[in-house]
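Asks: Contents are compact mmCIF, C-alpha atoms; file name work.txt:
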```txt
# COMPACT_ATOMS: atom_id res chain seq x y z
CA MET A 129 45.10 3.82 -44.44
CA LYS A 130 44.99 0.87 -42.12
CA GLN A 131 45.83 3.12 -39.23
CA VAL A 132 42.94 5.45 -40.08
CA ALA A 133 40.52 2.50 -40.11
CA LEU A 134 41.86 1.38 -36.74
CA LEU A 135 41.32 4.82 -35.25
CA ILE A 136 37.75 4.95 -36.52
CA CYS A 137 37.01 1.52 -35.05
CA ILE A 138 38.40 2.50 -31.67
CA THR A 139 36.41 5.72 -31.66
CA LEU A 140 33.18 3.86 -32.51
CA LEU A 141 33.85 1.31 -29.78
CA ASN A 142 34.29 4.09 -27.28
CA ALA A 143 31.08 5.81 -28.27
CA ASN A 144 29.20 2.53 -28.11
CA GLY A 145 30.60 1.80 -24.66
CA ILE A 146 29.44 5.07 -23.22
CA ALA A 147 25.93 4.44 -24.45
CA GLN A 148 25.52 1.06 -22.74
CA ASN A 149 27.02 1.31 -19.29
CA LEU A 150 23.95 0.98 -17.06
CA GLN A 151 20.90 -1.05 -17.95
CA SER A 152 17.83 -2.38 -16.17
CA SER A 153 15.80 -5.35 -17.27
CA GLU A 154 12.41 -3.76 -16.60
CA TRP A 155 10.88 -0.47 -17.54
CA VAL A 156 7.53 -0.94 -15.89
CA ILE A 157 6.75 -3.28 -13.00
CA ASN A 158 3.17 -4.21 -12.11
CA PRO A 159 3.17 -6.17 -8.85
CA ASN A 160 0.12 -8.06 -7.65
CA THR A 161 -2.74 -5.92 -6.42
CA ILE A 162 -2.68 -5.23 -2.69
CA ASP A 163 -5.86 -6.56 -1.09
CA ALA A 164 -7.35 -7.89 2.15
CA SER A 165 -4.83 -10.74 2.21
CA ASP A 166 -2.10 -8.12 2.72
CA LEU A 167 -3.60 -6.69 5.92
CA ALA A 168 -1.53 -7.07 9.09
CA ILE A 169 -3.96 -9.83 10.07
CA PRO A 170 -5.29 -10.99 6.71
CA TYR A 171 -8.99 -10.58 6.02
CA THR A 172 -9.58 -9.00 9.44
CA ALA A 173 -11.88 -5.99 9.68
CA GLY A 174 -10.31 -3.03 11.44
CA GLU A 175 -6.77 -4.02 10.54
CA VAL A 176 -4.39 -1.86 8.56
CA LEU A 177 -1.49 -2.67 6.26
CA PRO A 178 1.60 -4.17 7.89
CA THR A 179 4.89 -2.38 8.34
CA THR A 180 6.43 -4.05 5.29
CA ILE A 181 4.81 -5.41 2.14
CA ASN A 182 7.04 -7.45 -0.15
CA LEU A 183 6.00 -6.60 -3.68
CA GLN A 184 7.39 -9.86 -5.09
CA ALA A 185 8.83 -7.74 -7.87
CA THR A 186 12.42 -7.87 -9.06
CA GLU A 187 14.56 -6.61 -11.88
CA ASP A 188 18.17 -6.94 -12.96
CA LEU A 189 20.65 -4.09 -13.11
CA SER A 190 23.78 -4.46 -15.19
CA VAL A 191 26.89 -2.40 -15.85
CA ASN A 192 28.59 -3.14 -19.14
CA ASN A 193 31.45 -1.89 -21.30
CA VAL A 194 33.45 -0.74 -18.33
CA SER A 195 37.08 -1.60 -17.73
CA ASN A 196 37.70 -4.07 -14.92
CA GLN A 197 39.64 -1.43 -13.04
CA VAL A 198 36.98 1.27 -13.24
CA LYS A 199 35.09 1.85 -10.02
CA TRP A 200 31.54 3.09 -10.17
CA CYS A 201 28.58 3.86 -7.98
CA ILE A 202 24.91 3.41 -8.80
CA TYR A 203 22.71 6.01 -7.16
CA ALA A 204 18.99 5.48 -6.68
CA GLN A 205 16.44 8.25 -6.55
CA LEU A 206 12.68 8.46 -6.29
CA THR A 207 11.02 11.08 -8.42
CA PRO A 208 8.69 13.31 -6.41
CA SER A 209 5.14 12.07 -6.09
CA THR A 210 2.22 13.71 -4.34
CA SER A 211 0.19 10.55 -3.89
CA ALA A 212 2.83 8.34 -2.29
CA ASN A 213 1.18 6.28 0.40
CA CYS A 214 4.24 4.31 1.50
CA SER A 215 7.99 4.42 1.55
CA ILE A 216 9.56 2.21 -1.08
CA VAL A 217 12.60 0.13 -0.33
CA VAL A 218 14.98 -1.44 -2.84
CA THR A 219 17.16 -4.40 -1.86
CA LEU A 220 20.16 -5.79 -3.71
CA GLY A 221 20.16 -9.59 -3.70
CA TYR A 222 22.10 -11.94 -5.93
CA ASN A 223 24.80 -10.29 -8.00
CA SER A 224 27.20 -11.68 -10.56
CA PRO A 225 30.13 -11.68 -10.54
CA PRO A 226 30.05 -11.24 -6.75
CA VAL A 227 33.56 -9.78 -6.62
CA CYS A 228 32.31 -6.87 -8.71
CA VAL A 229 30.31 -5.38 -5.82
CA ASP A 230 32.07 -3.65 -2.96
CA ALA A 231 30.17 -4.94 0.07
CA LEU A 232 31.59 -2.31 2.39
CA LYS A 233 30.33 0.59 0.33
CA THR A 234 27.03 -0.87 -0.84
CA ASN A 235 23.71 -0.16 0.84
CA TYR A 236 22.09 -3.53 0.31
CA THR A 237 18.76 -2.23 1.61
CA LEU A 238 17.92 1.32 0.75
CA GLU A 239 14.83 3.37 1.48
CA LEU A 240 14.40 5.57 -1.54
CA ASN A 241 13.87 9.28 -1.35
CA THR A 242 13.87 12.17 -3.74
CA VAL A 243 17.59 12.77 -3.32
CA ALA A 244 19.97 10.55 -5.29
CA THR A 245 21.41 8.16 -2.71
CA PRO A 246 24.40 5.80 -3.10
CA PHE A 247 23.17 2.26 -3.59
CA ILE A 248 25.61 -0.17 -5.23
CA SER A 249 29.35 0.34 -5.28
CA GLY A 250 31.33 -1.78 -7.71
CA LYS A 251 34.17 -2.21 -10.12
CA GLY A 252 34.20 -3.46 -13.69
CA THR A 253 31.38 -5.35 -15.32
CA LEU A 254 28.25 -6.22 -13.38
CA ASN A 255 26.48 -8.87 -15.39
CA LYS A 256 23.52 -9.13 -13.09
CA GLY A 257 22.44 -7.41 -9.91
CA VAL A 258 19.00 -8.57 -8.81
CA VAL A 259 17.07 -5.87 -6.98
CA SER A 260 13.72 -6.40 -5.29
CA TYR A 261 11.17 -3.92 -4.04
CA SER A 262 9.03 -3.63 -0.94
CA LEU A 263 6.73 -1.05 0.61
CA ASP A 264 7.30 0.28 4.11
CA ASN A 265 5.13 2.16 6.59
CA CYS A 266 2.04 2.28 4.43
CA SER A 267 -1.06 4.02 5.63
CA LEU A 268 -4.43 2.99 4.27
CA PRO A 269 -4.65 3.82 0.58
CA GLU A 270 -6.78 6.79 -0.34
CA THR A 271 -6.74 5.95 -4.03
CA SER A 272 -6.89 2.76 -6.04
CA SER A 273 -3.43 3.07 -7.55
CA GLU A 274 -0.07 4.72 -7.08
CA GLN A 275 3.11 5.03 -9.10
CA TYR A 276 6.68 5.15 -7.98
CA GLN A 277 9.33 6.15 -10.50
CA ILE A 278 12.89 5.22 -9.64
CA VAL A 279 15.89 6.67 -11.42
CA TYR A 280 19.21 4.84 -11.27
CA THR A 281 22.28 6.86 -12.13
CA ILE A 282 25.83 5.57 -12.49
CA GLN A 283 28.88 7.68 -11.76
CA THR A 284 32.57 6.92 -11.73
CA GLY A 285 34.23 6.27 -8.41
CA SER A 286 33.20 4.24 -5.40
CA CYS A 287 30.11 5.16 -3.45
CA PRO A 288 30.82 7.49 -0.54
CA LEU A 289 30.68 5.82 2.86
CA MET B 972 54.80 9.36 -40.42
CA LYS B 973 54.38 5.74 -39.49
CA LYS B 974 55.64 6.54 -35.99
CA LEU B 975 53.04 9.25 -35.63
CA TRP B 976 50.20 6.87 -36.59
CA TYR B 977 51.60 4.27 -34.25
CA PHE B 978 51.69 6.80 -31.44
CA LEU B 979 48.14 7.95 -32.12
CA SER B 980 46.90 4.37 -32.26
CA MET B 981 48.51 3.53 -28.96
CA PHE B 982 47.08 6.67 -27.41
CA PHE B 983 43.53 5.76 -28.41
CA LEU B 984 44.01 2.15 -27.32
CA TRP B 985 45.29 3.36 -23.98
CA SER B 986 42.50 5.87 -23.57
CA ALA B 987 39.72 3.53 -24.66
CA PRO B 988 38.85 2.20 -21.17
CA SER B 989 38.83 5.64 -19.63
CA LEU B 990 36.58 6.98 -22.36
CA ALA B 991 34.22 4.09 -21.66
CA GLN B 992 33.81 5.02 -18.02
CA PRO B 993 30.29 5.78 -16.82
CA GLN B 994 29.18 9.28 -17.56
CA ASN B 995 26.10 9.96 -15.38
CA LEU B 996 24.07 7.43 -17.29
CA GLN B 997 20.58 6.69 -16.11
CA THR B 998 17.89 4.07 -16.31
CA THR B 999 14.38 4.40 -15.00
CA THR B 1000 11.91 1.95 -13.53
CA LEU B 1001 8.23 2.65 -13.02
CA ILE B 1002 6.39 0.64 -10.37
CA ASN B 1003 2.61 0.62 -10.55
CA ILE B 1004 0.89 -0.27 -7.28
CA GLY B 1005 -2.75 -1.30 -7.46
CA TYR B 1006 -5.07 -1.53 -4.47
CA SER B 1007 -8.09 -3.76 -4.42
CA ASN B 1008 -11.38 -2.10 -3.50
CA VAL B 1009 -11.30 -3.61 -0.01
CA SER B 1010 -14.31 -3.14 2.27
CA ILE B 1011 -14.70 -5.55 5.16
CA MET B 1012 -16.48 -5.28 8.50
CA SER B 1013 -17.22 -7.36 11.56
CA PHE B 1014 -18.35 -6.93 15.16
CA GLY B 1015 -16.62 -7.00 18.49
CA LEU B 1016 -19.07 -9.53 19.85
CA HIS B 1017 -20.25 -12.42 17.76
CA GLN B 1018 -22.60 -14.09 20.23
CA ASN B 1019 -26.31 -13.45 20.17
CA ILE B 1020 -27.36 -10.12 21.59
CA SER B 1021 -30.35 -10.02 23.90
CA ILE B 1022 -32.49 -7.29 25.37
CA THR B 1023 -34.11 -8.36 28.58
CA THR B 1024 -37.44 -6.85 29.52
CA ALA B 1025 -39.01 -6.61 32.96
CA SER B 1026 -39.40 -9.99 34.57
CA ASN B 1027 -42.06 -8.98 37.12
CA PRO B 1028 -45.17 -7.76 35.33
CA SER B 1029 -47.58 -5.75 37.45
CA VAL B 1030 -51.15 -4.58 37.22
CA VAL B 1031 -49.93 -0.98 37.07
CA ASP B 1032 -47.57 -1.10 34.11
CA GLY B 1033 -48.23 -4.50 32.59
CA ALA B 1034 -45.04 -6.05 31.24
CA GLY B 1035 -43.03 -2.94 31.96
CA PHE B 1036 -43.43 -1.69 28.43
CA ASN B 1037 -44.87 1.69 29.29
CA SER B 1038 -41.64 3.64 29.48
CA ALA B 1039 -40.22 5.16 26.33
CA LEU B 1040 -37.06 3.06 26.59
CA ILE B 1041 -38.03 -0.53 27.28
CA GLY B 1042 -34.60 -2.12 27.20
CA THR B 1043 -31.01 -1.68 26.02
CA SER B 1044 -28.40 -4.11 24.75
CA THR B 1045 -24.80 -4.25 25.84
CA MET B 1046 -22.35 -2.03 23.99
CA GLN B 1047 -21.52 -3.24 20.49
CA TYR B 1048 -18.63 -2.29 18.22
CA LEU B 1049 -18.61 -2.22 14.43
CA LYS B 1050 -15.13 -2.68 13.01
CA PHE B 1051 -14.23 -2.00 9.42
CA THR B 1052 -11.36 -1.62 7.02
CA ILE B 1053 -12.13 0.33 3.89
CA PHE B 1054 -9.57 1.20 1.21
CA GLY B 1055 -10.12 4.45 -0.62
CA SER B 1056 -10.93 4.44 -4.28
CA GLY B 1057 -10.23 8.10 -4.91
CA TYR B 1058 -13.51 8.82 -6.60
CA SER B 1059 -16.32 7.72 -4.28
CA THR B 1060 -17.27 7.37 -0.65
CA LYS B 1061 -18.89 4.43 1.06
CA SER B 1062 -21.79 4.14 3.47
CA ILE B 1063 -22.98 1.50 5.88
CA ALA B 1064 -26.69 0.74 5.90
CA VAL B 1065 -28.66 -1.40 8.30
CA SER B 1066 -31.94 -3.27 8.06
CA LEU B 1067 -33.94 -6.16 9.51
CA SER B 1068 -34.34 -9.39 7.59
CA ALA B 1069 -38.08 -9.30 8.35
CA PRO B 1070 -40.48 -6.84 10.00
CA LEU B 1071 -40.91 -7.03 13.78
CA SER B 1072 -43.81 -9.19 14.93
CA SER B 1073 -45.32 -6.41 17.02
CA ASP B 1074 -45.71 -2.72 16.30
CA TYR B 1075 -45.86 -1.91 20.00
CA TYR B 1076 -42.12 -1.36 20.09
CA ASN B 1077 -39.34 -0.24 17.81
CA LEU B 1078 -35.85 -1.62 17.64
CA VAL B 1079 -33.40 1.24 17.32
CA LEU B 1080 -29.67 1.30 16.62
CA ALA B 1081 -28.23 4.14 18.69
CA THR B 1082 -24.71 5.33 18.00
CA GLN B 1083 -22.61 6.08 21.06
CA THR B 1084 -19.80 8.60 21.25
CA MET B 1085 -17.34 8.01 18.44
CA SER B 1086 -13.67 8.69 18.91
CA LEU B 1087 -11.11 9.35 16.19
CA LEU B 1088 -10.33 6.35 14.04
CA PRO B 1089 -6.73 5.16 13.85
CA TYR B 1090 -6.89 5.77 10.11
CA GLY B 1091 -9.34 7.90 8.20
CA SER B 1092 -11.90 10.39 9.40
CA ILE B 1093 -14.97 9.84 11.54
CA PRO B 1094 -17.95 8.82 9.39
CA VAL B 1095 -21.07 10.96 9.30
CA ASP B 1096 -23.51 9.46 11.80
CA HIS B 1097 -27.18 9.17 10.81
CA GLY B 1098 -28.19 7.48 14.04
CA PRO B 1099 -30.28 6.69 15.87
CA VAL B 1100 -31.73 4.46 13.18
CA GLN B 1101 -35.14 2.86 13.63
CA LEU B 1102 -34.65 -0.60 12.22
CA SER B 1103 -37.04 -1.99 9.65
CA ALA B 1104 -37.01 -4.31 6.70
CA THR B 1105 -36.10 -1.31 4.58
CA SER B 1106 -32.39 -0.55 4.47
CA LYS B 1107 -31.40 2.78 6.03
CA VAL B 1108 -28.04 4.53 5.98
CA TRP B 1109 -26.40 4.56 9.39
CA LEU B 1110 -22.87 5.82 8.60
CA SER B 1111 -21.84 7.69 5.47
CA ASP B 1112 -19.03 9.67 3.80
CA ILE B 1113 -16.37 7.08 4.47
CA GLU B 1114 -13.55 7.78 2.02
CA TYR B 1115 -11.23 5.27 3.63
CA GLY B 1116 -10.54 4.13 7.14
CA ALA B 1117 -9.80 1.44 9.66
CA THR B 1118 -11.19 1.22 13.14
CA GLY B 1119 -8.67 -1.10 14.73
CA SER B 1120 -9.48 -4.72 15.49
CA GLY B 1121 -9.15 -4.83 19.28
CA PRO B 1122 -12.00 -5.96 21.55
CA ILE B 1123 -13.38 -2.47 22.07
CA ASP B 1124 -12.18 -0.87 18.83
CA GLY B 1125 -14.75 0.24 16.31
CA ILE B 1126 -17.86 2.38 16.13
CA PRO B 1127 -19.73 1.93 19.44
CA PHE B 1128 -23.47 1.49 19.40
CA GLN B 1129 -26.33 -0.10 21.29
CA TYR B 1130 -29.66 -1.60 20.37
CA GLU B 1131 -32.59 -0.02 22.12
CA LEU B 1132 -36.10 -1.34 22.42
CA GLN B 1133 -38.30 1.74 22.42
CA LYS B 1134 -42.00 2.09 22.86
CA ASN B 1135 -43.82 3.01 19.67
CA PRO B 1136 -46.27 5.79 20.66
CA ASN B 1137 -48.54 4.72 17.83
CA GLY B 1138 -48.27 1.01 18.47
CA SER B 1139 -50.94 -1.37 19.62
CA TYR B 1140 -50.66 -3.30 22.86
CA ALA B 1141 -52.74 -6.01 21.24
CA THR B 1142 -49.92 -7.00 18.91
CA LEU B 1143 -47.69 -8.09 21.79
CA SER B 1144 -47.23 -11.79 22.31
CA GLY B 1145 -45.65 -13.78 25.10
CA ALA B 1146 -43.03 -15.43 22.94
CA GLN B 1147 -39.47 -14.31 22.43
CA GLU B 1148 -38.76 -12.47 19.24
CA HIS B 1149 -35.65 -13.16 17.24
CA VAL B 1150 -34.47 -10.74 14.61
CA VAL B 1151 -31.63 -10.81 12.15
CA ILE B 1152 -29.96 -7.45 11.55
CA ILE B 1153 -28.20 -6.91 8.25
CA PHE B 1154 -25.36 -4.45 7.77
CA THR B 1155 -24.42 -3.53 4.20
CA ILE B 1156 -21.53 -1.52 2.81
CA ILE B 1157 -22.76 0.66 -0.02
CA GLU B 1158 -20.54 2.36 -2.57
```
Let me see whether you can do it: turn the structure in this file into structure tokens.
Replies:
Amino acid sequence: MKQVALLICITLLNANGIAQNLQSSEWVINPNTIDASDLAIPYTAGEVLPTTINLQATEDLSVNNVSNQVKWCIYAQLTPSTSANCSIVVTLGYNSPPVCVDALKTNYTLELNTVATPFISGKGTLNKGVVSYSLDNCSLPETSSEQYQIVYTIQTGSCPL
Amino acid sequence: MKKLWYFLSMFFLWSAPSLAQPQNLQTTTLINIGYSNVSIMSFGLHQNISITTASNPSVVDGAGFNSALIGTSTMQYLKFTIFGSGYSTKSIAVSLSAPLSSDYYNLVLATQTMSLLPYGSIPVDHGPVQLSATSKVWLSDIEYGATGSGPIDGIPFQYELQKNPNGSYATLSGAQEHVVIIFTIIE
């Protein structure tokens, strides 16, 4: 009977582990509104938006319930949008533990597109991977708001080079 | 029997990490970008603009005010940056802060040839605009756009002093006239 209980516990642990591998700390990010202070020369008539706008927005990615020997790759993908005015770039900053991330196979700065692209390559538990967002190559906005939806997917194995 | 349970237990313990490996799991983040309703404008030249009239009056044509076009300013450039709002267009109107002191002449804003803007489409031109204390639309249908901020970027225009065919010579005075011209962005 004890053995049966042990088997059930192990099975439950496994199921729970599968359900909590990849997590992000934010669901919705609302950066500061982009205004005349963001122009290439702030508050200057005739100017356009600069090449890069730092959104001052971050979130934490984490990978849990994974064996220390298991290699994984987080892919990032932008869902298609018809109103996108800029490219959006995600950057991996501080990560803990640092040995978890494979620097050679990680794209620390990644311009997102609608195809899932390898982003972070790692092994074992990632307690915290801080990612920040910026806009690139913006034209003048035609509308007052835009949305970018980013999907992170984790798969076993290192990221392809 | 005990051996079998022991074997099964060991198998599950051994397989636990592999079963916990990532299985195409996903998480999603939505980023909302908001744009302020930015509309700013300025001019290429900030110094005072003058229109010089004839300096040698004669018996034949008085102060030289008989021709239809009495005088013209140097070329001016209106620069603007306007963010789109997605639901409305903007216009630029122009007016004088006070009526002219004489009705013998009109002050007219005359648009010169507009080239493509770096961003956005060319506004609809309602020029030439005869300036008065009543605001009149000069440029309209601007959804969004930026003219560039260089010294000769922007919408080119000139001020013209034109003879008013219905004006009275008696209203002319010998003093200089100073006018303040007001440009307004209208949504």
Asks: Determine, counting all atoms listed in the file, which protein, DNA and RNA residues have an atom within 12 Å of an atom of A:Ser165; residues of the same chain fewer than 3 positions away are not included. Present the result as JSON, numbers by chain.
Replies: {"A": [160, 161, 162, 168, 169, 170, 171, 172, 173, 175, 176, 177, 178, 181], "B": [1006, 1007, 1009, 1011]}
Asks: Pull out every residue of chain A that has at least one atom within 6 Å of chain B, counting only C-alpha atoms, and report them as a ChimeraX atom specification.
Replies: /A:142,145-146,155-158,161-163,173-175,194-195,269-284
Asks: List as number ranges by chain: which residues have an atom within 12 Å of (-26.3, 5.4, 8.0), counting all atoms listed in the file?
Replies: B: 1061-1066, 1080-1082, 1094-1102, 1106-1113, 1154-1157
Asks: Can you list, as a ChimeraX atom specification, every protein, DNA or RNA residue that comes within 8 Å of stretch 248-255 of chain A when you count only C-alpha atoms, leaving out same-chain residues fewer than 5 positions away?
Replies: /A:189-203,220,223-225,228-231,233-236,286-287
Asks: Restricting the calculation to all atoms listed in the file: of A:Val258, A:Leu167, A:Leu232, A:Val243, which residue gets closest to A:Thr179?
Replies: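 Looking only at the distances to A:Thr179, the closest residue turns out to be A:Leu167.
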Asks: Just how far from atom CA of B:Leu1016 is atom CA of B:Asp1074, in Å to one decimal?
Replies: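 Result for atom CA of B:Asp1074 versus atom CA of B:Leu1016: 27.7 Å, one decimal.
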Asks: Please compute the atom CA of B:Val1079-atom CA of B:Ile1153 distance, one decimal, in Å.
Replies: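 Atom-to-atom, atom CA of B:Val1079 to atom CA of B:Ile1153, that is 13.3 Å.
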Asks: What gap, in Å, lies between atom CA of B:Thr1084 and atom CA of B:Pro1136?
Replies: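 Separating atom CA of B:Thr1084 from atom CA of B:Pro1136 is a distance of 26.6 Å.
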Asks: Nearest residue to A:Ser215 out of A:Thr237, A:Ser260, A:Thr180, A:Ser152, using all atoms listed in the file?
Replies: A:Thr180
Asks: What's around stretch 216-218 of chain A at 8 Å? Count all atoms listed in the file, leave out sequence neighbours fewer than 5 positions away in its own chain, and write the answer as a PyMOL selection string.
Replies: chain A and resi 237-240+259-264
Asks: Between A:Asn265, A:Thr219, A:Asn241, A:Asn149, which residue has the minimum interatomic distance to A:Ala185, considering all atoms listed in the file?
Replies: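 Of A:Asn265, A:Thr219, A:Asn241, A:Asn149, the one nearest A:Ala185 is A:Thr219, counting all atoms listed in the file.
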Asks: Please check which residues have atoms at most 10 Å from (-21.1, -4.8, 20.9) in the file's coordinates, counting only C-alpha atoms, and write them as a list in words.
Replies: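 Applying the cut-off with only C-alpha atoms, one gets Phe1014, Gly1015, Leu1016, His1017, Gln1018, Ile1020, Ser1044, Thr1045, Met1046, Gln1047, Tyr1048, Leu1049, Pro1122, Ile1123, Asp1124, Gly1125, Ile1126, Pro1127, Phe1128, Gln1129 and Tyr1130 of chain B.
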Asks: So that I have them on file, write out the residues from the current selection with C-alpha atoms, as a short mmCIF file (atom, residue, chain, number, x, y, z; two decimals), in the frame of the given file.
Replies:
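The result, written out as part-v9.cif:
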```
data_model
loop_
_atom_site.label_atom_id
_atom_site.label_comp_id
_atom_site.auth_asym_id
_atom_site.auth_seq_id
_atom_site.Cartn_x
_atom_site.Cartn_y
_atom_site.Cartn_z
CA PHE B 1014 -18.35 -6.93 15.16
CA GLY B 1015 -16.62 -7.00 18.49
CA LEU B 1016 -19.07 -9.53 19.85
CA HIS B 1017 -20.25 -12.42 17.76
CA GLN B 1018 -22.60 -14.09 20.23
CA ILE B 1020 -27.36 -10.12 21.59
CA SER B 1044 -28.40 -4.11 24.75
CA THR B 1045 -24.80 -4.25 25.84
CA MET B 1046 -22.35 -2.03 23.99
CA GLN B 1047 -21.52 -3.24 20.49
CA TYR B 1048 -18.63 -2.29 18.22
CA LEU B 1049 -18.61 -2.22 14.43
CA PRO B 1122 -12.00 -5.96 21.55
CA ILE B 1123 -13.38 -2.47 22.07
CA ASP B 1124 -12.18 -0.87 18.83
CA GLY B 1125 -14.75 0.24 16.31
CA ILE B 1126 -17.86 2.38 16.13
CA PRO B 1127 -19.73 1.93 19.44
CA PHE B 1128 -23.47 1.49 19.40
CA GLN B 1129 -26.33 -0.10 21.29
CA TYR B 1130 -29.66 -1.60 20.37
#
```
Asks: Please list as a ChimeraX atom specification every residue within 10 Å of stretch 1141-1145 of chain B, counting only C-alpha atoms and excluding residues in the same chain fewer than 2 positions away.
Replies: /B:1034,1072-1076,1138-1139,1147-1148
Asks: Kindly save the residues from that selection, with C-alpha atoms included, as a short mmCIF file (atom, residue, chain, number, x, y, z; two decimals), keeping the file's coordinate frame.
Replies:
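Final output, out-v1.cif:
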```cif
data_model
loop_
_atom_site.label_atom_id
_atom_site.label_comp_id
_atom_site.auth_asym_id
_atom_site.auth_seq_id
_atom_site.Cartn_x
_atom_site.Cartn_y
_atom_site.Cartn_z
CA ALA B 1034 -45.04 -6.05 31.24
CA SER B 1072 -43.81 -9.19 14.93
CA SER B 1073 -45.32 -6.41 17.02
CA ASP B 1074 -45.71 -2.72 16.30
CA TYR B 1075 -45.86 -1.91 20.00
CA TYR B 1076 -42.12 -1.36 20.09
CA GLY B 1138 -48.27 1.01 18.47
CA SER B 1139 -50.94 -1.37 19.62
CA GLN B 1147 -39.47 -14.31 22.43
CA GLU B 1148 -38.76 -12.47 19.24
#
```
Asks: Select stretch 169-180 of chain A in the preceding structure and write N, CA, C and O atoms to a file as a compact mmCIF listing (two decimals), in the first residue's frame.
Replies:
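Below is the file that was written, out-v7.txt:
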```
# COMPACT_ATOMS: atom_id res chain seq x y z
N ILE A 169 14.67 65.01 -31.65
CA ILE A 169 15.06 66.21 -30.88
C ILE A 169 13.79 66.60 -30.13
O ILE A 169 12.81 67.04 -30.75
N PRO A 170 13.77 66.38 -28.82
CA PRO A 170 12.53 66.55 -28.07
C PRO A 170 11.87 67.91 -28.28
O PRO A 170 12.56 68.93 -28.38
N TYR A 171 10.58 67.89 -28.37
CA TYR A 171 9.75 69.09 -28.47
C TYR A 171 10.12 69.95 -29.69
O TYR A 171 9.96 71.18 -29.64
N THR A 172 10.61 69.36 -30.74
CA THR A 172 11.02 70.12 -31.93
C THR A 172 10.07 69.81 -33.09
O THR A 172 9.96 68.66 -33.51
N ALA A 173 9.41 70.85 -33.58
CA ALA A 173 8.50 70.68 -34.70
C ALA A 173 9.25 70.20 -35.93
O ALA A 173 10.35 70.67 -36.21
N GLY A 174 8.64 69.27 -36.64
CA GLY A 174 9.25 68.72 -37.84
C GLY A 174 10.00 67.43 -37.60
O GLY A 174 10.27 66.69 -38.54
N GLU A 175 10.35 67.19 -36.33
CA GLU A 175 11.12 65.98 -36.02
C GLU A 175 10.23 64.75 -35.99
O GLU A 175 9.01 64.83 -35.81
N VAL A 176 10.87 63.60 -36.14
CA VAL A 176 10.16 62.33 -36.08
C VAL A 176 10.68 61.54 -34.88
O VAL A 176 11.54 62.01 -34.13
N LEU A 177 10.18 60.33 -34.72
CA LEU A 177 10.63 59.50 -33.60
C LEU A 177 12.04 58.98 -33.88
O LEU A 177 12.41 58.76 -35.04
N PRO A 178 12.82 58.77 -32.85
CA PRO A 178 14.20 58.32 -33.04
C PRO A 178 14.25 56.85 -33.45
O PRO A 178 13.23 56.15 -33.46
N THR A 179 15.44 56.39 -33.79
CA THR A 179 15.59 55.01 -34.23
C THR A 179 15.15 54.02 -33.15
O THR A 179 14.49 53.03 -33.44
N THR A 180 15.49 54.31 -31.91
CA THR A 180 15.16 53.40 -30.82
C THR A 180 14.46 54.16 -29.69
O THR A 180 14.90 55.25 -29.31
```
